[in-house]
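Student: Below you'll find the structure I mean.
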Amino acid sequence: MKDLFTKYDSLFLKDDIKQKVTALANNSHQYLTTDNLKLLFSLIDLTSLNTEDNETKIKSMTLKVNDLKNHYPDMPNVAAMCVYPSMVEHVKTNLSVKGLGLASVGAGFPSSQTYKSIKIDECKQAVSAGATEIDIVLSVGKFFEGEYNFCYNEIKDIKSAIGKTHLKVILESGALKSYQQIWEASILSMEAGADFIKTSTGKQNPAATLDAVYVMTKAIKSFYEITGKKIGIKPAGGIVTTEDALGYYSIVKENLGYDWLNNELFRIGASRLANNLLTNIYKKEIQYF
């Protein structure tokens, strides 16, 4: 399985990645326009993954998504809602916005520490309940032990079980110990069938980082150059401010280009970011969500 990585260009790992990321982040203010803030809003996977989630809370969030245009008619809607598997049916029942994604975490989220058969069944049940996207976590413990075949086959089998439903693989990049590991986890996940690669569960610190997304976008670019397949990128976890979001926008634009600047290939997993973007766009304090 180590041979899996050799066909992809990883020379960028020898660069001073932190310096490059700092430069991109420092210059990201150039993208601070109303149109770009609206675009960033349209990339959001509006997320609720809390122990206290229940039908009432998720229904309320869904109805706010439905009603967004009545309050802000010139705004695009978010890209998707992301919830626990048991909450999918409540989003499905109440969501009236056409074309909005319904994402469910699955496969033993957030630790991925359960049996593969249970992971597969949970993902299939979420799809049956109405999920159009599934976010799973790489088996990081197995990855650390060099059990790449196990990780590859698990992702492949889950993707096979859910068919055309979009699969996002969470690397839990904050747990990975080097840029090399982030790159290898990215390549492995894409080779196994991931439609998106995602930084974090949001349950571990650090969550999303600009460095991790820089490495992941480089891996996506290399994968695209070899295979012709465009894989999506989703930074998630701790992305709160407009400045945060512009930093990720800057990296995606630099490494992947305009083709990725849409919600088919670029998502941001967030809950608080939506209100902050609305506040910046309308130049007044907004606490809509």
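Residue numbers start at 1 in each chain; chains themselves are named A, B, ... in the order of the structure tokens; ligands are numbered from 1 in the order shown.
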Name all residues at most 8 Å from Glu89 (chain A) (count only C-alpha atoms; drop same-chain ones fewer than 4 positions away) and give them as a list in words.

Tutor: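 With the cut-off at 8 Å, the set is Thr93, Ala129 and Gly130 of chain A.
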
Student: Hey, can you spit out that residue selection with N, CA and C atoms as a JSON list (two decimals), in the first residue's frame?

Tutor:
[["chain", "number", "residue", "atom", "x", "y", "z"],
["A", 93, "THR", "N", -37.94, 15.82, 7.06],
["A", 93, "THR", "CA", -39.37, 16.10, 7.19],
["A", 93, "THR", "C", -39.67, 17.58, 7.06],
["A", 129, "ALA", "N", -32.76, 7.29, 5.57],
["A", 129, "ALA", "CA", -33.55, 8.31, 6.26],
["A", 129, "ALA", "C", -33.60, 9.62, 5.47],
["A", 130, "GLY", "N", -32.72, 9.77, 4.47],
["A", 130, "GLY", "CA", -32.76, 10.97, 3.65],
["A", 130, "GLY", "C", -31.45, 11.69, 3.45]]

Student: Compile the contact shell of Phe223 (chain A) as a compact mmCIF listing (two decimals) with C-alpha atoms, in the first residue's frame: residues with an atom at most 8 Å away, counting only C-alpha atoms, same-chain residues fewer than 3 positions apart removed.

Tutor:
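Below is the file out.txt, written as the result:
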# COMPACT_ATOMS: atom_id res chain seq x y z
CA TYR A 8 1.68 11.50 -6.62
CA ILE A 187 -4.20 10.41 -0.93
CA MET A 190 -9.24 9.86 -2.30
CA ALA A 219 -2.85 16.50 -2.49
CA ILE A 220 -6.16 17.16 -4.26
CA ILE A 226 -3.06 12.07 -12.28
CA THR A 227 -6.67 10.88 -12.34
CA GLY A 228 -8.69 13.76 -13.80
CA LYS A 229 -11.07 13.53 -10.80

Student: Which residues are near Thr22 (chain A)? Cut-off 10 Å, only C-alpha atoms, ignore same chain within fewer than 6 positions. Put them as a PyMOL selection string.

Tutor: chain A and resi 28+210-211+247

Student: Enter the distance from CA of Ser111 (chain A) to CA of Glu147 (chain A), in Å, rounded to one decimal.

Tutor: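 So the answer is 16.6 Å.
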
Student: Identify which of the residues A:Met61, A:Ala175, A:Val140, A:Ile158 lies closest to Ala107 (chain A), counting only C-alpha atoms when measuring atom-to-atom distances.

Tutor: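 Closest to Ala107 (chain A) of all the choices is A:Ile158.
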
Student: List as number ranges by chain the protein and nucleic acid residues near Gly174 (chain A), meaning an atom at most 7 Å away when only C-alpha atoms are counted, but skip any in the same chain fewer than 6 places from it.

Tutor: A: 205-207

Student: For region 252-267 of chain A, list every protein, DNA or RNA residue within 8 Å, evaluated using only C-alpha atoms, and leave out those in the same chain fewer than 2 positions away; present the list as a count of residues only.

Tutor: 22

Student: Which parts of region 168-264 of chain A does DSSP call strand (DSSP E or B) when run on the backbone here, written out as a VMD selection string?

Tutor: chain A and resid 168 to 170 196 to 198 232 to 234 236

Student: When distances are computed from only C-alpha atoms, which of A:Leu102, A:Val88, A:Leu4, A:Ala274 shows the smallest separation from Trp183 (chain A)?

Tutor: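 That would be A:Leu4, the residue with the smallest distance to Trp183 (chain A).
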
Student: Give the answer as one residue: which of A:Val137, A:Leu188, A:Ile286, A:Leu11 has the shortest atom-to-atom distance to Leu273 (chain A), using only C-alpha atoms?

Tutor: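 Smallest distance to Leu273 (chain A) is found for A:Ile286.
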
Student: Looking only at the backbone, which of the residues in region 113-285 of chain A does DSSP tag as alpha helix (DSSP H), as a PyMOL selection string?

Tutor: chain A and resi 116-129+140-144+148-162+179-192+210-227+242-256+273-282

Student: Go ahead and compute the interatomic distance for CA of Gly202 (chain A) and CA of Lys20 (chain A), in Å to one decimal.

Tutor: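 Computed distance, CA of Gly202 (chain A) to CA of Lys20 (chain A), equals 24.7 Å.
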
Student: Which of these, A:Ile268, A:Leu277, A:Leu37, A:Leu13, has the shortest distance to Cys82 (chain A) once you count only C-alpha atoms?

Tutor: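 Among A:Ile268, A:Leu277, A:Leu37, A:Leu13, it is A:Ile268 that comes nearest to Cys82 (chain A).
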
Student: Using only C-alpha atoms, determine which residues lie at most 12 Å from Val65 (chain A), disregarding the query and same-chain residues fewer than 4 positions distant; provide the list as a count of residues only.

Tutor: 32

Student: Would you list the contacts of Ser139 (chain A) as an NGL selection string, taking every protein, DNA or RNA residue within 9 Å and counting only C-alpha atoms, but skipping same-chain residues closer than 6 positions in sequence?

Tutor: :A and (111-113 or 150-151 or 154 or 171)

Student: Go ahead and write the selection's residues with N, CA and C atoms as an mmCIF file, in the first residue's frame.

Tutor:
data_model
loop_
_atom_site.group_PDB
_atom_site.id
_atom_site.type_symbol
_atom_site.label_atom_id
_atom_site.label_comp_id
_atom_site.auth_asym_id
_atom_site.auth_seq_id
_atom_site.Cartn_x
_atom_site.Cartn_y
_atom_site.Cartn_z
ATOM 1 N N SER A 111 -15.022 9.147 16.748
ATOM 2 C CA SER A 111 -13.757 8.439 16.970
ATOM 3 C C SER A 111 -13.495 7.328 15.968
ATOM 4 N N SER A 112 -14.534 6.876 15.266
ATOM 5 C CA SER A 112 -14.424 5.760 14.323
ATOM 6 C C SER A 112 -14.002 4.462 15.012
ATOM 7 N N GLN A 113 -14.313 4.354 16.290
ATOM 8 C CA GLN A 113 -13.883 3.194 17.071
ATOM 9 C C GLN A 113 -15.036 2.222 17.296
ATOM 10 N N PHE A 150 -6.273 -1.648 5.755
ATOM 11 C CA PHE A 150 -7.500 -1.622 6.557
ATOM 12 C C PHE A 150 -8.253 -0.313 6.315
ATOM 13 N N CYS A 151 -7.538 0.809 6.408
ATOM 14 C CA CYS A 151 -8.168 2.124 6.234
ATOM 15 C C CYS A 151 -8.759 2.270 4.834
ATOM 16 N N GLU A 154 -11.859 -0.030 4.359
ATOM 17 C CA GLU A 154 -13.007 0.434 5.123
ATOM 18 C C GLU A 154 -13.711 1.577 4.392
ATOM 19 N N LEU A 171 -10.141 13.506 8.116
ATOM 20 C CA LEU A 171 -8.799 13.021 8.439
ATOM 21 C C LEU A 171 -8.454 13.184 9.910
#
